[in-house]
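J.: Just so it is clear, I am handing over entry_19.cif, which has mmCIF, C-alpha atoms.
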```
data_work
#
loop_
_atom_site.label_atom_id
_atom_site.label_comp_id
_atom_site.auth_asym_id
_atom_site.auth_seq_id
_atom_site.Cartn_x
_atom_site.Cartn_y
_atom_site.Cartn_z
CA LEU A 1 -18.21 64.00 -7.87
CA LYS A 2 -17.80 60.31 -8.61
CA ALA A 3 -18.75 58.02 -11.48
CA VAL A 4 -19.97 54.43 -11.46
CA ILE A 5 -19.70 52.36 -14.65
CA LEU A 6 -21.87 49.22 -14.66
CA ILE A 7 -19.99 46.55 -16.59
CA GLY A 8 -22.32 43.58 -15.96
CA GLY A 9 -20.93 40.09 -15.91
CA PRO A 10 -20.24 36.85 -17.70
CA GLN A 11 -23.73 35.46 -18.14
CA LYS A 12 -24.71 38.52 -20.12
CA GLY A 13 -23.13 39.36 -23.44
CA THR A 14 -24.39 36.12 -24.99
CA ARG A 15 -25.26 38.05 -28.15
CA PHE A 16 -21.65 39.13 -28.20
CA ARG A 17 -20.29 35.62 -28.63
CA PRO A 18 -17.87 34.32 -29.77
CA LEU A 19 -15.98 37.53 -29.02
CA SER A 20 -16.90 37.63 -25.34
CA PHE A 21 -15.21 34.23 -24.85
CA GLU A 22 -11.81 35.91 -25.09
CA VAL A 23 -12.23 39.19 -23.20
CA PRO A 24 -14.92 40.59 -20.92
CA LYS A 25 -17.25 42.54 -23.22
CA PRO A 26 -16.37 45.95 -21.64
CA LEU A 27 -12.74 45.44 -22.70
CA PHE A 28 -13.62 44.66 -26.33
CA PRO A 29 -11.86 47.27 -28.49
CA VAL A 30 -14.17 49.76 -30.22
CA ALA A 31 -12.42 52.33 -32.44
CA GLY A 32 -9.06 51.10 -31.17
CA VAL A 33 -9.59 51.35 -27.41
CA PRO A 34 -11.52 49.17 -24.93
CA MET A 35 -15.26 49.96 -24.96
CA VAL A 36 -15.27 51.15 -21.35
CA GLN A 37 -12.26 53.44 -21.86
CA HIS A 38 -14.48 55.86 -23.77
CA HIS A 39 -16.62 56.14 -20.60
CA ILE A 40 -13.61 56.60 -18.34
CA GLU A 41 -12.18 59.28 -20.62
CA ALA A 42 -15.45 61.22 -20.56
CA CYS A 43 -15.71 60.96 -16.74
CA ALA A 44 -12.08 62.00 -16.21
CA LYS A 45 -12.71 65.23 -18.17
CA VAL A 46 -15.43 66.41 -15.77
CA PRO A 47 -13.97 68.99 -13.33
CA GLY A 48 -14.13 67.80 -9.72
CA MET A 49 -14.24 64.07 -10.60
CA LYS A 50 -12.58 62.32 -7.64
CA GLU A 51 -12.97 58.62 -8.37
CA ILE A 52 -14.32 56.21 -10.98
CA LEU A 53 -15.78 52.88 -9.83
CA LEU A 54 -16.36 49.94 -12.18
CA MET A 55 -19.03 47.61 -10.89
CA GLY A 56 -19.97 44.15 -12.08
CA PHE A 57 -19.61 40.48 -11.28
CA TYR A 58 -16.72 39.49 -13.53
CA GLN A 59 -13.99 37.64 -11.63
CA PRO A 60 -11.19 40.21 -11.38
CA ASN A 61 -8.89 38.65 -13.99
CA GLU A 62 -5.51 39.68 -15.34
CA ALA A 63 -6.88 41.56 -18.35
CA LEU A 64 -9.19 43.66 -16.18
CA SER A 65 -6.48 44.42 -13.58
CA ARG A 66 -3.99 45.37 -16.29
CA PHE A 67 -6.54 47.66 -17.91
CA LEU A 68 -7.36 49.40 -14.60
CA VAL A 69 -3.69 50.03 -13.81
CA SER A 70 -3.00 51.53 -17.24
CA ALA A 71 -6.21 53.63 -17.17
CA GLN A 72 -5.32 55.06 -13.72
CA HIS A 73 -1.89 55.87 -15.02
CA GLU A 74 -3.22 57.52 -18.20
CA PHE A 75 -6.09 59.53 -16.70
CA LYS A 76 -4.46 60.34 -13.32
CA ILE A 77 -7.60 59.47 -11.38
CA PRO A 78 -8.32 56.63 -8.92
CA ILE A 79 -10.20 53.79 -10.67
CA ARG A 80 -11.38 50.74 -8.71
CA TYR A 81 -13.33 47.62 -9.52
CA LEU A 82 -16.10 46.55 -7.13
CA GLN A 83 -17.19 42.95 -7.65
CA GLU A 84 -20.80 42.02 -6.88
CA TYR A 85 -21.35 38.56 -5.37
CA ALA A 86 -24.19 37.95 -7.85
CA ALA A 87 -26.05 39.81 -10.58
CA LEU A 88 -27.89 42.47 -8.56
CA GLY A 89 -29.48 44.46 -11.40
CA THR A 90 -28.73 48.08 -12.29
CA GLY A 91 -29.96 49.42 -8.93
CA GLY A 92 -29.00 46.55 -6.63
CA GLY A 93 -25.28 46.91 -7.32
CA ILE A 94 -25.06 50.60 -6.51
CA TYR A 95 -27.23 50.06 -3.42
CA HIS A 96 -24.99 47.21 -2.25
CA PHE A 97 -21.87 49.42 -2.59
CA ARG A 98 -23.50 52.67 -1.45
CA ASP A 99 -20.92 53.19 1.32
CA GLN A 100 -18.08 52.97 -1.19
CA ILE A 101 -19.84 55.40 -3.54
CA LEU A 102 -20.56 57.94 -0.79
CA SER A 103 -17.19 57.65 0.99
CA GLY A 104 -15.32 60.92 0.95
CA GLY A 105 -18.60 62.85 0.95
CA ALA A 106 -19.67 62.55 -2.70
CA GLU A 107 -22.30 65.22 -3.44
CA ALA A 108 -23.37 63.66 -6.71
CA PHE A 109 -22.38 60.73 -8.89
CA PHE A 110 -22.88 59.58 -12.46
CA VAL A 111 -24.02 56.06 -13.31
CA LEU A 112 -23.18 54.85 -16.83
CA ASN A 113 -24.00 51.53 -18.50
CA ALA A 114 -20.90 50.11 -20.17
CA ASP A 115 -22.73 48.79 -23.24
CA VAL A 116 -23.65 52.16 -24.73
CA CYS A 117 -21.58 54.42 -26.94
CA SER A 118 -22.20 58.12 -26.70
CA GLU A 119 -20.72 61.59 -26.69
CA PHE A 120 -21.31 61.48 -22.92
CA PRO A 121 -22.50 65.07 -22.31
CA LEU A 122 -21.75 64.78 -18.57
CA GLN A 123 -20.81 68.41 -18.02
CA GLU A 124 -24.04 69.49 -19.76
CA MET A 125 -26.05 67.20 -17.46
CA LEU A 126 -24.50 68.88 -14.42
CA GLU A 127 -25.30 72.37 -15.75
CA PHE A 128 -28.82 71.26 -16.69
CA ARG A 129 -29.43 70.05 -13.14
CA GLN A 130 -28.35 73.41 -11.75
CA GLN A 131 -30.78 75.24 -14.05
CA HIS A 132 -33.73 72.87 -13.56
CA GLY A 133 -34.94 71.18 -10.45
CA ASP A 134 -33.37 71.48 -7.03
CA VAL A 135 -30.05 70.19 -5.76
CA HIS A 136 -31.64 66.86 -4.83
CA SER A 137 -33.12 66.08 -8.23
CA PHE A 138 -31.91 63.29 -10.52
CA VAL A 139 -31.20 63.51 -14.26
CA ILE A 140 -31.60 60.84 -16.96
CA LEU A 141 -29.90 61.32 -20.31
CA GLY A 142 -32.50 60.91 -23.05
CA THR A 143 -32.44 60.94 -26.84
CA THR A 144 -35.02 60.78 -29.60
CA ALA A 145 -35.81 57.48 -31.33
CA ASN A 146 -38.33 56.79 -34.07
CA ARG A 147 -41.80 55.61 -33.07
CA THR A 148 -41.39 51.91 -33.78
CA GLN A 149 -37.93 51.54 -32.27
CA ALA A 150 -38.82 53.47 -29.11
CA LEU A 151 -40.71 50.37 -27.93
CA ASN A 152 -37.37 48.53 -27.46
CA TYR A 153 -36.16 51.01 -24.85
CA GLY A 154 -37.25 52.77 -21.67
CA CYS A 155 -39.65 55.54 -22.76
CA ILE A 156 -39.83 58.91 -21.02
CA VAL A 157 -42.78 61.33 -21.02
CA ALA A 158 -41.60 64.75 -19.84
CA ASN A 159 -43.09 68.19 -19.29
CA ALA A 160 -42.15 70.22 -22.37
CA ASP A 161 -41.27 73.35 -20.33
CA THR A 162 -39.48 71.98 -17.28
CA GLN A 163 -38.28 68.59 -18.67
CA GLU A 164 -39.57 66.95 -15.50
CA VAL A 165 -40.23 63.25 -16.06
CA GLN A 166 -43.94 62.61 -15.59
CA HIS A 167 -44.15 59.03 -16.76
CA TYR A 168 -41.59 56.26 -17.34
CA VAL A 169 -42.22 52.88 -18.96
CA GLU A 170 -39.55 50.25 -19.72
CA LYS A 171 -40.08 48.62 -23.16
CA PRO A 172 -43.79 49.45 -23.47
CA SER A 173 -46.05 47.31 -25.64
CA THR A 174 -47.64 50.33 -27.32
CA PHE A 175 -46.27 53.75 -28.26
CA VAL A 176 -45.64 56.00 -25.25
CA SER A 177 -42.97 58.53 -26.24
CA GLU A 178 -40.14 59.09 -28.70
CA ILE A 179 -37.76 60.09 -25.91
CA ILE A 180 -35.77 57.05 -24.78
CA ASN A 181 -33.48 56.37 -21.84
CA CYS A 182 -29.76 56.37 -22.77
CA GLY A 183 -28.59 54.46 -19.70
CA ILE A 184 -26.59 57.42 -18.33
CA TYR A 185 -27.73 59.07 -15.09
CA LEU A 186 -26.76 61.79 -12.63
CA PHE A 187 -27.78 61.02 -9.04
CA THR A 188 -27.36 62.54 -5.59
CA PRO A 189 -27.04 60.43 -2.43
CA ALA A 190 -30.82 60.87 -1.98
CA ILE A 191 -31.37 58.16 -4.64
CA PHE A 192 -30.39 55.52 -2.08
CA GLN A 193 -33.45 56.34 -0.02
CA HIS A 194 -35.65 55.49 -3.03
CA ILE A 195 -33.70 52.32 -3.83
CA GLY A 196 -33.88 51.39 -0.14
CA GLU A 197 -37.68 51.63 -0.25
CA VAL A 198 -37.73 49.15 -3.14
CA PHE A 199 -35.40 46.84 -1.21
CA GLN A 200 -37.68 46.98 1.83
CA ARG A 201 -40.74 46.31 -0.31
CA ASN A 202 -39.00 43.33 -1.92
CA GLN A 203 -38.15 41.96 1.51
CA GLN A 204 -41.73 42.27 2.70
CA GLU A 205 -43.03 40.54 -0.41
CA LEU A 206 -40.53 37.73 0.10
CA ALA A 207 -41.54 37.35 3.74
CA LEU A 208 -45.12 36.79 2.57
CA GLU A 209 -44.02 34.13 0.09
CA GLU A 210 -42.66 31.75 2.69
CA SER A 211 -42.27 28.97 0.18
CA SER A 212 -39.60 30.87 -1.72
CA ASN A 213 -36.03 30.34 -0.59
CA GLY A 214 -34.59 33.01 -2.91
CA TRP A 215 -33.17 35.27 -0.23
CA GLN A 216 -31.14 37.04 -2.89
CA ARG A 217 -34.14 38.31 -4.71
CA ALA A 218 -34.75 41.28 -2.43
CA GLU A 219 -31.34 42.63 -3.40
CA VAL A 220 -32.00 42.48 -7.14
CA ILE A 221 -33.22 45.96 -7.98
CA ARG A 222 -33.65 47.40 -11.46
CA LEU A 223 -33.24 51.17 -11.63
CA GLU A 224 -35.48 51.44 -14.66
CA GLN A 225 -38.55 49.37 -13.74
CA ASP A 226 -38.37 49.60 -9.94
CA VAL A 227 -37.06 53.11 -9.25
CA PHE A 228 -37.74 55.41 -12.23
CA THR A 229 -41.32 54.24 -12.69
CA ALA A 230 -42.01 55.16 -9.05
CA LEU A 231 -40.10 58.47 -9.19
CA ALA A 232 -41.81 59.73 -12.37
CA GLY A 233 -44.27 62.52 -11.58
CA SER A 234 -42.77 63.20 -8.14
CA GLY A 235 -40.87 66.34 -9.22
CA LYS A 236 -37.50 64.72 -8.52
CA LEU A 237 -36.61 63.21 -11.89
CA TYR A 238 -35.64 65.21 -14.99
CA VAL A 239 -34.55 64.30 -18.49
CA TYR A 240 -31.70 66.01 -20.36
CA LYS A 241 -32.15 65.45 -24.08
CA THR A 242 -29.03 65.12 -26.17
CA ASP A 243 -28.69 65.55 -29.94
CA GLY A 244 -25.26 63.93 -29.88
CA PHE A 245 -24.69 60.41 -31.14
CA TRP A 246 -25.81 57.45 -29.02
CA SER A 247 -26.13 53.73 -29.63
CA GLN A 248 -26.33 50.50 -27.68
CA ILE A 249 -23.61 47.88 -28.07
CA LYS A 250 -25.53 44.64 -27.59
CA SER A 251 -24.41 42.50 -30.51
CA ALA A 252 -21.10 42.25 -32.33
CA GLY A 253 -22.70 44.01 -35.32
CA SER A 254 -23.47 47.05 -33.20
CA ALA A 255 -19.75 47.22 -32.25
CA ILE A 256 -18.90 48.06 -35.87
CA TYR A 257 -21.56 50.80 -35.89
CA ALA A 258 -20.30 52.16 -32.54
CA SER A 259 -16.78 52.11 -33.92
CA ARG A 260 -17.96 54.31 -36.80
CA LEU A 261 -19.55 56.81 -34.40
CA TYR A 262 -16.41 57.05 -32.26
CA LEU A 263 -14.02 57.26 -35.24
CA ASN A 264 -16.18 60.08 -36.52
CA GLN A 265 -15.81 61.89 -33.19
CA TYR A 266 -12.03 61.43 -33.21
CA SER A 267 -11.64 64.12 -35.89
CA LYS A 268 -12.60 66.58 -33.10
CA SER A 269 -11.49 64.79 -29.92
CA HIS A 270 -8.46 62.68 -30.92
CA PRO A 271 -7.21 63.58 -34.42
CA GLU A 272 -3.92 61.82 -33.54
CA ARG A 273 -5.78 58.48 -33.47
CA LEU A 274 -6.88 58.73 -37.11
CA ALA A 275 -4.58 57.41 -39.85
CA GLN A 276 -3.55 59.83 -42.61
CA ASN A 277 -2.56 59.20 -46.22
CA LYS A 278 1.24 59.38 -46.40
CA PRO A 279 3.63 58.77 -49.31
CA GLY A 280 4.57 55.08 -49.29
CA GLY A 281 1.75 54.25 -46.89
CA PRO A 282 -1.55 52.43 -47.50
CA VAL A 283 -4.52 54.24 -49.07
CA ILE A 284 -6.79 55.56 -46.30
CA ARG A 285 -10.43 56.36 -47.08
CA GLY A 286 -12.53 58.06 -44.43
CA ASN A 287 -11.88 57.41 -40.74
CA VAL A 288 -9.41 54.64 -39.95
CA TYR A 289 -7.60 53.73 -36.73
CA ILE A 290 -4.33 51.82 -37.05
CA HIS A 291 -2.36 50.62 -34.01
CA PRO A 292 1.27 51.81 -34.25
CA THR A 293 2.55 48.20 -34.09
CA ALA A 294 0.51 47.02 -37.12
CA SER A 295 2.38 46.35 -40.35
CA ILE A 296 0.46 47.37 -43.46
CA ASP A 297 1.52 47.03 -47.07
CA SER A 298 1.54 50.26 -49.04
CA THR A 299 -0.81 48.81 -51.69
CA ALA A 300 -3.59 48.03 -49.18
CA VAL A 301 -6.76 50.14 -49.19
CA LEU A 302 -8.42 50.69 -45.79
CA GLY A 303 -11.64 52.45 -44.84
CA PRO A 304 -14.03 53.92 -44.22
CA ASN A 305 -14.70 52.82 -40.62
CA VAL A 306 -11.83 50.41 -40.07
CA SER A 307 -9.99 49.72 -36.85
CA ILE A 308 -6.74 47.73 -36.99
CA GLY A 309 -5.41 46.30 -33.71
CA GLU A 310 -2.00 45.63 -32.25
CA GLY A 311 0.50 43.58 -34.28
CA VAL A 312 -1.86 43.02 -37.21
CA THR A 313 -0.27 42.20 -40.59
CA VAL A 314 -1.99 43.36 -43.78
CA GLY A 315 -0.54 42.11 -47.09
CA ALA A 316 -0.39 43.59 -50.58
CA GLY A 317 -3.59 44.60 -52.35
CA VAL A 318 -5.81 43.92 -49.33
CA ARG A 319 -9.14 45.77 -49.14
CA VAL A 320 -10.76 46.33 -45.72
CA ARG A 321 -13.98 48.28 -45.18
CA GLU A 322 -16.41 48.70 -42.22
CA SER A 323 -14.49 46.17 -40.14
CA ILE A 324 -12.61 45.61 -36.89
CA VAL A 325 -9.40 43.58 -37.13
CA LEU A 326 -8.23 42.45 -33.68
CA HIS A 327 -4.66 42.10 -32.48
CA GLY A 328 -2.34 39.54 -34.02
CA ALA A 329 -4.58 38.83 -37.02
CA SER A 330 -3.00 38.48 -40.41
CA LEU A 331 -4.65 39.26 -43.76
CA HIS A 332 -2.66 37.74 -46.61
CA ASP A 333 -2.25 39.34 -50.05
CA HIS A 334 -5.35 40.43 -51.95
CA THR A 335 -7.91 39.42 -49.32
CA CYS A 336 -11.13 41.38 -49.15
CA VAL A 337 -12.72 41.99 -45.72
CA LEU A 338 -16.08 43.82 -45.55
CA ASN A 339 -18.48 44.27 -42.59
CA THR A 340 -16.53 41.77 -40.53
CA ILE A 341 -14.90 41.39 -37.13
CA VAL A 342 -11.67 39.40 -37.51
CA GLY A 343 -10.78 37.74 -34.19
CA TRP A 344 -7.46 37.74 -32.36
CA ASP A 345 -4.63 35.86 -34.11
CA SER A 346 -6.86 34.77 -37.01
CA THR A 347 -5.45 34.26 -40.48
CA ILE A 348 -7.18 34.91 -43.80
CA GLY A 349 -5.50 33.30 -46.83
CA ARG A 350 -4.68 34.97 -50.16
CA TRP A 351 -7.51 36.05 -52.44
CA ALA A 352 -10.11 35.01 -49.84
CA ARG A 353 -13.22 37.13 -49.35
CA VAL A 354 -14.83 37.51 -45.94
CA GLU A 355 -18.01 39.56 -45.97
CA GLY A 356 -21.04 40.28 -43.80
CA THR A 357 -24.26 42.24 -44.20
CA PRO A 358 -24.32 45.55 -42.31
CA SER A 359 -27.09 45.97 -39.76
CA ASP A 360 -26.91 49.77 -39.75
CA PRO A 361 -29.81 52.03 -38.83
CA ASN A 362 -31.79 53.60 -41.68
CA PRO A 363 -29.53 56.43 -42.95
CA ASN A 364 -32.55 58.47 -44.09
CA ASP A 365 -34.07 58.61 -40.61
CA PRO A 366 -32.14 60.93 -38.27
CA TYR A 367 -33.70 59.23 -35.22
CA ALA A 368 -33.19 55.62 -36.29
CA LYS A 369 -31.28 53.39 -33.87
CA ILE A 370 -29.55 50.10 -34.59
CA ASP A 371 -31.90 47.12 -34.26
CA SER A 372 -30.72 44.49 -31.83
CA GLU A 373 -31.54 41.63 -34.17
CA THR A 374 -31.99 38.12 -32.93
CA LEU A 375 -29.51 35.63 -34.35
CA PHE A 376 -32.21 33.55 -36.01
CA ARG A 377 -35.40 34.38 -37.83
CA ASP A 378 -37.78 31.61 -39.00
CA GLY A 379 -35.11 29.06 -38.09
CA ARG A 380 -32.54 30.65 -40.43
CA LEU A 381 -29.50 32.70 -39.45
CA THR A 382 -30.29 36.41 -39.89
CA PRO A 383 -27.78 37.86 -42.39
CA SER A 384 -25.56 40.17 -40.37
CA ILE A 385 -21.89 40.95 -40.03
CA THR A 386 -19.43 38.07 -40.24
CA ILE A 387 -17.54 37.24 -37.04
CA LEU A 388 -14.38 35.18 -36.84
CA GLY A 389 -13.52 34.05 -33.30
CA CYS A 390 -9.91 33.96 -32.15
CA SER A 391 -7.31 31.83 -33.98
CA VAL A 392 -9.54 31.02 -36.95
CA THR A 393 -7.74 30.01 -40.14
CA ILE A 394 -9.38 30.66 -43.50
CA PRO A 395 -7.70 29.07 -46.52
CA ALA A 396 -6.80 30.87 -49.73
CA GLU A 397 -9.47 31.69 -52.33
CA VAL A 398 -12.57 30.84 -50.29
CA VAL A 399 -15.62 33.01 -49.64
CA ILE A 400 -17.18 33.34 -46.18
CA LEU A 401 -20.51 35.21 -46.18
CA ASN A 402 -22.73 36.22 -43.21
CA SER A 403 -21.25 33.55 -40.99
CA ILE A 404 -20.10 33.21 -37.39
CA VAL A 405 -17.00 31.07 -36.90
CA LEU A 406 -16.21 29.88 -33.40
CA PRO A 407 -12.64 30.09 -32.07
CA HIS A 408 -9.79 27.75 -33.14
CA LYS A 409 -11.41 26.54 -36.38
CA GLU A 410 -9.53 25.72 -39.54
CA LEU A 411 -11.94 26.02 -42.45
CA SER A 412 -11.44 24.02 -45.60
CA ARG A 413 -14.09 25.47 -47.93
CA SER A 414 -16.52 28.37 -48.48
CA TYR A 415 -19.52 28.99 -46.18
CA LYS A 416 -22.61 31.15 -46.39
CA ASN A 417 -25.19 32.01 -43.64
CA GLN A 418 -23.82 29.51 -41.14
CA ILE A 419 -22.63 29.26 -37.60
CA ILE A 420 -19.54 27.10 -37.79
CA LEU A 421 -19.10 25.23 -34.53
#
```
For this file, write the structure as structure tokens.
T.:
Amino acid sequence: LKAVILIGGPQKGTRFRPLSFEVPKPLFPVAGVPMVQHHIEACAKVPGMKEILLMGFYQPNEALSRFLVSAQHEFKIPIRYLQEYAALGTGGGIYHFRDQILSGGAEAFFVLNADVCSEFPLQEMLEFRQQHGDVHSFVILGTTANRTQALNYGCIVANADTQEVQHYVEKPSTFVSEIINCGIYLFTPAIFQHIGEVFQRNQQELALEESSNGWQRAEVIRLEQDVFTALAGSGKLYVYKTDGFWSQIKSAGSAIYASRLYLNQYSKSHPERLAQNKPGGPVIRGNVYIHPTASIDSTAVLGPNVSIGEGVTVGAGVRVRESIVLHGASLHDHTCVLNTIVGWDSTIGRWARVEGTPSDPNPNDPYAKIDSETLFRDGRLTPSITILGCSVTIPAEVVILNSIVLPHKELSRSYKNQIIL
């Protein structure tokens, strides 16, 4: 068994700015550890997992190399990064590196998108494939969404008895199905034959369009639109439906929601990562992650859903709720931080209030997903969580509401519903 994690590249993640300026989005900390570490951890637990490949077109930089070395060390499994020469789409990348994926005689491999958070029921997908379908069938992880939100995802129509996928549509314009694609797949080497057919078809189409000089285009293959749509109804594609948590991490606001889902899971999977109330320590409400190097005043109140990074300083009487505070930030006495991501090395002055508007799914609808809101609506900034880029300084006693502050800014007054360039 192998696993491939698709981490994308720099031109994506625009909705994740200004945070993606500092680190590649897959290394952004969610619930205290880099986003993609949750994927690696889940893959490493599967018996028989021989290698994990990260695939994308980020330049292999120091942060990525350091992360890979420490992850290999921690999970005792080979982890490599394969860099695409261009954005090849979800299918083009794995087709381009098919020899690397199949080396060592891989019988099956998982493909996971890095920008989802999930319980990753990988073992269950393997067992499901043994019970349904033959050894050459492929499995998509699916979950239930509500009718209106399903249109924003890939929709799957499956046979109720066998779970065979009969019809697949990516982001349909009208309602097709409540079962949506989670971006986590289990393939056998046979998938490359199907991707190869798409590649060949693309090449033929390009040969007909002599005017086009885009030789790369044949290599750009999207698993969802190009491969699944064709495979549906052929008896080779199955859906495994999960009731576990799942969410996309497209915008910075969805990172806070994903952090909540993971912190919630820690009570079962990693109780040691959750902070406890101790005499002389800060007041902890609900699930909170605190990095061991952070220094927190005993009169601070943290939680629920708070993640405090490395070397953070939290002063007396500080209140933090539904927020991610990244390494090196400092919250001076009596600040209030709600629904906010505080960037690396930022400083919030005394008695300041930094607050955003949560963009959570409807709590009364068990199938609701987080909406990937656009930044603007009717020319106005959509109220959402507040984001401070790295090294932002906020003076004492000001209020920052629903705003995005780009890195290295020193603010002098209060702001509301603004992007501060």
J.: Which is closest to A:Ile5 among A:Val111, A:Thr335, A:Pro26, A:Ile101, if we use all atoms listed in the file?
T.: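 Of A:Val111, A:Thr335, A:Pro26, A:Ile101, the one nearest A:Ile5 is A:Val111, counting all atoms listed in the file.
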J.: Taking only C-alpha atoms into account, which of A:Leu261, A:Leu151, A:Lys278, A:Asp333 comes nearest A:Pro304?
T.: A:Leu261
J.: So what does the PyMOL selection byres ((chain A and resi 317-323) around 9) actually pick up in this one, as number ranges by chain?
T.: A: 256-257, 259-260, 297-308, 314-316, 324-325, 331-342, 351, 358
J.: Selected by the PyMOL selection byres ((chain A and resi 36-40) around 10) in the shown coordinates: which residues, as a ChimeraX atom specification?
T.: /A:3-7,25-31,33-35,41-45,52-54,67-68,71-72,75,77,79,112-120,262
J.: Which one is closest to A:Ser359: A:Ser254, A:Gln59, A:Thr162, A:Gln123? Count only C-alpha atoms.
T.: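 Closest to A:Ser359, using only C-alpha atoms: A:Ser254.
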J.: Place a sphere of radius 12 Å on (-28.5, 73.2, -16.5) in the file coordinates and name every protein, DNA or RNA residue with an atom inside or on its surface, counting all atoms listed in the file; give the answer as a PDB file with C-alpha atoms, keeping the file's coordinate frame.
T.:
```
ATOM      1  CA  PRO A 121     -22.500  65.070 -22.310  1.00  0.00           C
ATOM      2  CA  LEU A 122     -21.750  64.780 -18.570  1.00  0.00           C
ATOM      3  CA  GLN A 123     -20.810  68.410 -18.020  1.00  0.00           C
ATOM      4  CA  GLU A 124     -24.040  69.490 -19.760  1.00  0.00           C
ATOM      5  CA  MET A 125     -26.050  67.200 -17.460  1.00  0.00           C
ATOM      6  CA  LEU A 126     -24.500  68.880 -14.420  1.00  0.00           C
ATOM      7  CA  GLU A 127     -25.300  72.370 -15.750  1.00  0.00           C
ATOM      8  CA  PHE A 128     -28.820  71.260 -16.690  1.00  0.00           C
ATOM      9  CA  ARG A 129     -29.430  70.050 -13.140  1.00  0.00           C
ATOM     10  CA  GLN A 130     -28.350  73.410 -11.750  1.00  0.00           C
ATOM     11  CA  GLN A 131     -30.780  75.240 -14.050  1.00  0.00           C
ATOM     12  CA  HIS A 132     -33.730  72.870 -13.560  1.00  0.00           C
ATOM     13  CA  GLY A 133     -34.940  71.180 -10.450  1.00  0.00           C
ATOM     14  CA  ASP A 134     -33.370  71.480  -7.030  1.00  0.00           C
ATOM     15  CA  VAL A 135     -30.050  70.190  -5.760  1.00  0.00           C
ATOM     16  CA  SER A 137     -33.120  66.080  -8.230  1.00  0.00           C
ATOM     17  CA  VAL A 139     -31.200  63.510 -14.260  1.00  0.00           C
ATOM     18  CA  THR A 162     -39.480  71.980 -17.280  1.00  0.00           C
ATOM     19  CA  GLN A 163     -38.280  68.590 -18.670  1.00  0.00           C
ATOM     20  CA  TYR A 238     -35.640  65.210 -14.990  1.00  0.00           C
ATOM     21  CA  VAL A 239     -34.550  64.300 -18.490  1.00  0.00           C
ATOM     22  CA  TYR A 240     -31.700  66.010 -20.360  1.00  0.00           C
ATOM     23  CA  LYS A 241     -32.150  65.450 -24.080  1.00  0.00           C
TER      24      LYS A 241
END
```
